[in-house]
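The data block below is work_38.pdb; it holds PDB, C-alpha atoms.
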```
ATOM      1  CA  MET A 295      24.161  24.852 -53.969
ATOM      2  CA  ASP A 296      21.525  27.312 -54.810
ATOM      3  CA  PHE A 297      22.028  31.036 -55.140
ATOM      4  CA  GLY A 298      20.856  31.831 -51.537
ATOM      5  CA  ALA A 299      23.456  29.529 -49.997
ATOM      6  CA  LEU A 300      26.188  31.295 -51.973
ATOM      7  CA  ARG A 301      25.061  34.666 -50.666
ATOM      8  CA  VAL A 302      25.124  33.355 -47.070
ATOM      9  CA  PHE A 303      28.605  31.915 -47.685
ATOM     10  CA  GLU A 304      29.806  35.207 -49.191
ATOM     11  CA  ALA A 305      28.314  37.185 -46.284
ATOM     12  CA  VAL A 306      30.043  34.961 -43.709
ATOM     13  CA  LEU A 307      33.219  35.135 -45.786
ATOM     14  CA  ALA A 308      33.122  38.900 -45.776
ATOM     15  CA  ALA A 309      32.300  39.171 -42.090
ATOM     16  CA  ALA A 310      34.505  36.484 -40.517
ATOM     17  CA  GLY A 311      37.017  35.435 -43.087
ATOM     18  CA  TRP A 312      37.486  32.433 -45.334
ATOM     19  CA  LYS A 313      38.552  30.016 -42.562
ATOM     20  CA  VAL A 314      35.398  30.566 -40.519
ATOM     21  CA  ALA A 315      33.247  30.405 -43.659
ATOM     22  CA  VAL A 316      34.800  27.049 -44.644
ATOM     23  CA  VAL A 317      34.356  25.703 -41.103
ATOM     24  CA  ILE A 318      30.693  26.769 -41.097
ATOM     25  CA  LEU A 319      30.186  25.252 -44.554
ATOM     26  CA  VAL A 320      31.803  21.978 -43.458
ATOM     27  CA  GLY A 321      29.697  22.045 -40.275
ATOM     28  CA  ILE A 322      26.518  22.505 -42.318
ATOM     29  CA  ILE A 323      27.487  19.620 -44.607
ATOM     30  CA  VAL A 324      28.251  17.391 -41.599
ATOM     31  CA  VAL A 325      24.920  18.289 -39.993
ATOM     32  CA  ILE A 326      23.071  17.594 -43.252
ATOM     33  CA  ARG A 327      24.842  14.234 -43.730
ATOM     34  CA  MET A 328      24.856  13.067 -40.093
ATOM     35  CA  GLY A 329      21.548  14.617 -38.963
ATOM     36  CA  PRO A 330      19.220  11.834 -40.166
ATOM     37  CA  GLN A 331      21.395   9.134 -38.592
ATOM     38  CA  TRP A 332      21.531  11.036 -35.328
ATOM     39  CA  LEU A 333      17.766  11.583 -35.370
ATOM     40  CA  ALA A 334      17.179   7.885 -36.119
ATOM     41  CA  ALA A 335      19.458   6.910 -33.222
ATOM     42  CA  ARG A 336      17.562   9.278 -30.909
ATOM     43  CA  ARG A 337      14.254   7.838 -32.112
ATOM     44  CA  ASP A 338      15.532   4.297 -31.443
ATOM     45  CA  GLU A 339      16.684   5.315 -27.965
ATOM     46  CA  GLN A 340      13.278   6.797 -27.255
ATOM     47  CA  SER A 341      11.470   3.700 -28.475
ATOM     48  CA  ASP A 342      13.820   1.492 -26.392
ATOM     49  CA  LYS A 343      13.098   3.614 -23.346
ATOM     50  CA  ALA A 344       9.375   3.437 -24.057
ATOM     51  CA  ARG A 345       9.598  -0.369 -24.378
ATOM     52  CA  GLN A 346      11.554  -0.608 -21.135
ATOM     53  CA  MET A 347       9.052   1.611 -19.370
ATOM     54  CA  SER A 348       6.107  -0.435 -20.644
ATOM     55  CA  ALA A 349       7.850  -3.659 -19.555
ATOM     56  CA  LEU A 350       8.517  -2.143 -16.141
ATOM     57  CA  GLN A 351       4.905  -0.988 -15.905
ATOM     58  CA  ALA A 352       3.745  -4.500 -16.826
ATOM     59  CA  ARG A 353       5.930  -5.937 -14.033
ATOM     60  CA  VAL A 354       4.557  -3.418 -11.568
ATOM     61  CA  ASP A 355       1.001  -4.230 -12.662
ATOM     62  CA  THR A 356       1.667  -7.953 -12.253
ATOM     63  CA  LYS A 357       3.123  -7.448  -8.783
ATOM     64  CA  ASP A 358       0.256  -5.115  -7.908
ATOM     65  CA  ALA A 359      -2.291  -7.748  -8.978
ATOM     66  CA  ALA A 360      -0.508 -10.433  -6.940
ATOM     67  CA  LEU A 361      -0.352  -8.158  -3.905
ATOM     68  CA  GLU A 362      -4.026  -7.296  -4.293
ATOM     69  CA  LYS A 363      -4.903 -11.007  -4.426
ATOM     70  CA  ILE A 364      -2.819 -11.739  -1.324
ATOM     71  CA  LEU A 365      -4.332  -8.820   0.561
ATOM     72  CA  THR A 366      -7.857  -9.798  -0.483
ATOM     73  CA  ASN A 367      -7.283 -13.341   0.782
ATOM     74  CA  HIS A 368      -5.743 -12.014   3.986
ATOM     75  CA  ILE A 369      -8.645  -9.637   4.575
ATOM     76  CA  ALA A 370     -11.136 -12.462   3.949
ATOM     77  CA  HIS A 371      -9.238 -14.640   6.448
ATOM     78  CA  LEU A 372      -9.263 -11.830   9.019
ATOM     79  CA  GLU A 373     -13.005 -11.330   8.509
ATOM     80  CA  ILE A 374     -13.580 -15.053   9.134
ATOM     81  CA  GLN A 375     -11.448 -14.879  12.278
ATOM     82  CA  LEU A 376     -13.311 -11.760  13.397
ATOM     83  CA  GLU A 377     -16.661 -13.492  12.941
ATOM     84  CA  ALA A 378     -15.404 -16.530  14.879
ATOM     85  CA  SER A 379     -14.125 -14.278  17.656
ATOM     86  CA  ARG A 380     -17.388 -12.353  17.691
ATOM     87  CA  THR A 381     -19.343 -15.620  18.026
ATOM     88  CA  PHE A 382     -16.997 -16.869  20.758
ATOM     89  CA  TYR A 383     -17.229 -13.642  22.760
ATOM     90  CA  THR A 384     -21.015 -13.480  22.353
ATOM     91  CA  ILE A 385     -21.368 -17.001  23.739
ATOM     92  CA  ALA A 386     -18.794 -16.279  26.469
ATOM     93  CA  THR A 387     -20.671 -13.110  27.453
ATOM     94  CA  GLU A 388     -23.955 -14.999  27.647
ATOM     95  CA  ARG A 389     -22.352 -17.733  29.767
ATOM     96  CA  LEU A 390     -20.670 -15.216  32.066
ATOM     97  CA  SER A 391     -23.970 -13.417  32.463
ATOM     98  CA  SER A 392     -25.623 -16.713  33.350
ATOM     99  CA  ILE A 393     -22.838 -17.513  35.833
ATOM    100  CA  SER A 394     -23.190 -14.027  37.315
ATOM    101  CA  ASP A 395     -26.933 -14.551  37.756
ATOM    102  CA  ASP A 396     -26.247 -17.955  39.349
ATOM    103  CA  LEU A 397     -23.724 -16.339  41.704
ATOM    104  CA  LYS A 398     -26.261 -13.683  42.691
ATOM    105  CA  ASP A 399     -28.834 -16.391  43.369
ATOM    106  CA  ALA A 400     -26.262 -18.395  45.359
ATOM    107  CA  ARG A 401     -25.306 -15.249  47.312
ATOM    108  CA  THR A 402     -28.982 -14.641  48.118
ATOM    109  CA  GLN A 403     -29.418 -18.247  49.229
ATOM    110  CA  LEU A 404     -26.217 -18.042  51.277
ATOM    111  CA  ASP A 405     -27.487 -14.906  52.995
ATOM    112  CA  LYS A 406     -30.757 -16.722  53.798
ATOM    113  CA  VAL A 407     -28.855 -19.738  55.144
ATOM    114  CA  HIS A 408     -26.638 -17.394  57.171
ATOM    115  CA  GLY A 409     -29.770 -15.824  58.641
ATOM    116  CA  VAL A 410     -31.181 -19.254  59.537
ATOM    117  CA  VAL A 411     -27.849 -20.320  61.094
ATOM    118  CA  SER A 412     -27.738 -17.094  63.067
ATOM    119  CA  ASP A 413     -31.265 -17.722  64.345
ATOM    120  CA  ILE A 414     -30.322 -21.285  65.284
ATOM    121  CA  ARG A 415     -27.226 -20.035  67.107
ATOM    122  CA  ASN A 416     -29.322 -17.556  69.056
ATOM    123  CA  ASP A 417     -31.818 -20.279  69.892
ATOM    124  CA  THR A 418     -29.117 -22.710  70.999
ATOM    125  CA  GLU A 419     -27.279 -20.241  73.209
ATOM    126  CA  VAL A 420     -29.703 -20.950  75.976
ATOM    127  CA  LEU A 421     -28.873 -24.624  75.723
ATOM    128  CA  ARG A 422     -25.153 -23.992  75.698
ATOM    129  CA  ASP A 423     -25.285 -21.882  78.786
ATOM    130  CA  ARG A 424     -26.694 -24.727  80.890
TER     131      ARG A 424
END
```
Starting from the file, lay out its structure as structure tokens.
Amino acid sequence: MDFGALRVFEAVLAAAGWKVAVVILVGIIVVIRMGPQWLAARRDEQSDKARQMSALQARVDTKDAALEKILTNHIAHLEIQLEASRTFYTIATERLSSISDDLKDARTQLDKVHGVVSDIRNDTEVLRDR
């Protein structure tokens, strides 16, 4: 020990007694001897945790990439279905519009025929009365 350590030991000895001074001295020796091993163990724990975290992050990234691929395919499929539905409903709308126009024309013709039948009925009433 150097001269400064002896002064610290003597100061602790004078203040707290020889038992406390010996305990502190033994504690310092234990810390000096066991400190590097403890620090190395802590460093290993930290590196293990870092490795585990990087492995976990890699798994999450892999799952994220797979999910992104699935969702991209699903979205593409939905877009194709949407386009097919859009085409179907466009054609259906055009056909319904055509049918509606045909029905209006038929209704107009029916009204004309009804008018002709009504005229014929009026004309034939004279004959029926006889």
Edge lengths and centre in Å, axis-aligned, stretch 379-396 of chain A plus 8 Å each side, as AutoDock Vina command-line options:
```
--center_x -20.5 --center_y -15.2 --center_z 28.5 --size_x 28.8 --size_y 21.6 --size_z 37.7
```
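Atom pair atom CA of A:Arg389 / atom CA of A:His408 has a distance of 27.7 Å (rounded to one decimal).
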>> One number please: atom CA of A:Leu365 to atom CA of A:Thr384, in Å, one decimal.
In response: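 Those two atoms sit 27.8 Å apart.
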Counting only C-alpha atoms, which residues of stretch 315-372 of chain A sit at most 9 Å from some atom of stretch 300-308 of chain A, and what is each one's closest atom pair with its distance in Å to one decimal, listed by chain and rising residue number, as a Markdown table?
```
| residue | atom | partner | partner_atom | distance |
| --- | --- | --- | --- | --- |
| A:Ala315 | CA | A:Leu307 | CA | 5.2 |
| A:Val316 | CA | A:Leu307 | CA | 8.3 |
| A:Ile318 | CA | A:Phe303 | CA | 8.6 |
| A:Leu319 | CA | A:Phe303 | CA | 7.5 |
```
Take the residues from that selection and write them out as a CSV table (one decimal), in the frame of the given file, keeping C-alpha atoms.
```csv
chain,number,residue,atom,x,y,z
A,315,ALA,CA,33.2,30.4,-43.7
A,316,VAL,CA,34.8,27.0,-44.6
A,318,ILE,CA,30.7,26.8,-41.1
A,319,LEU,CA,30.2,25.3,-44.6
```
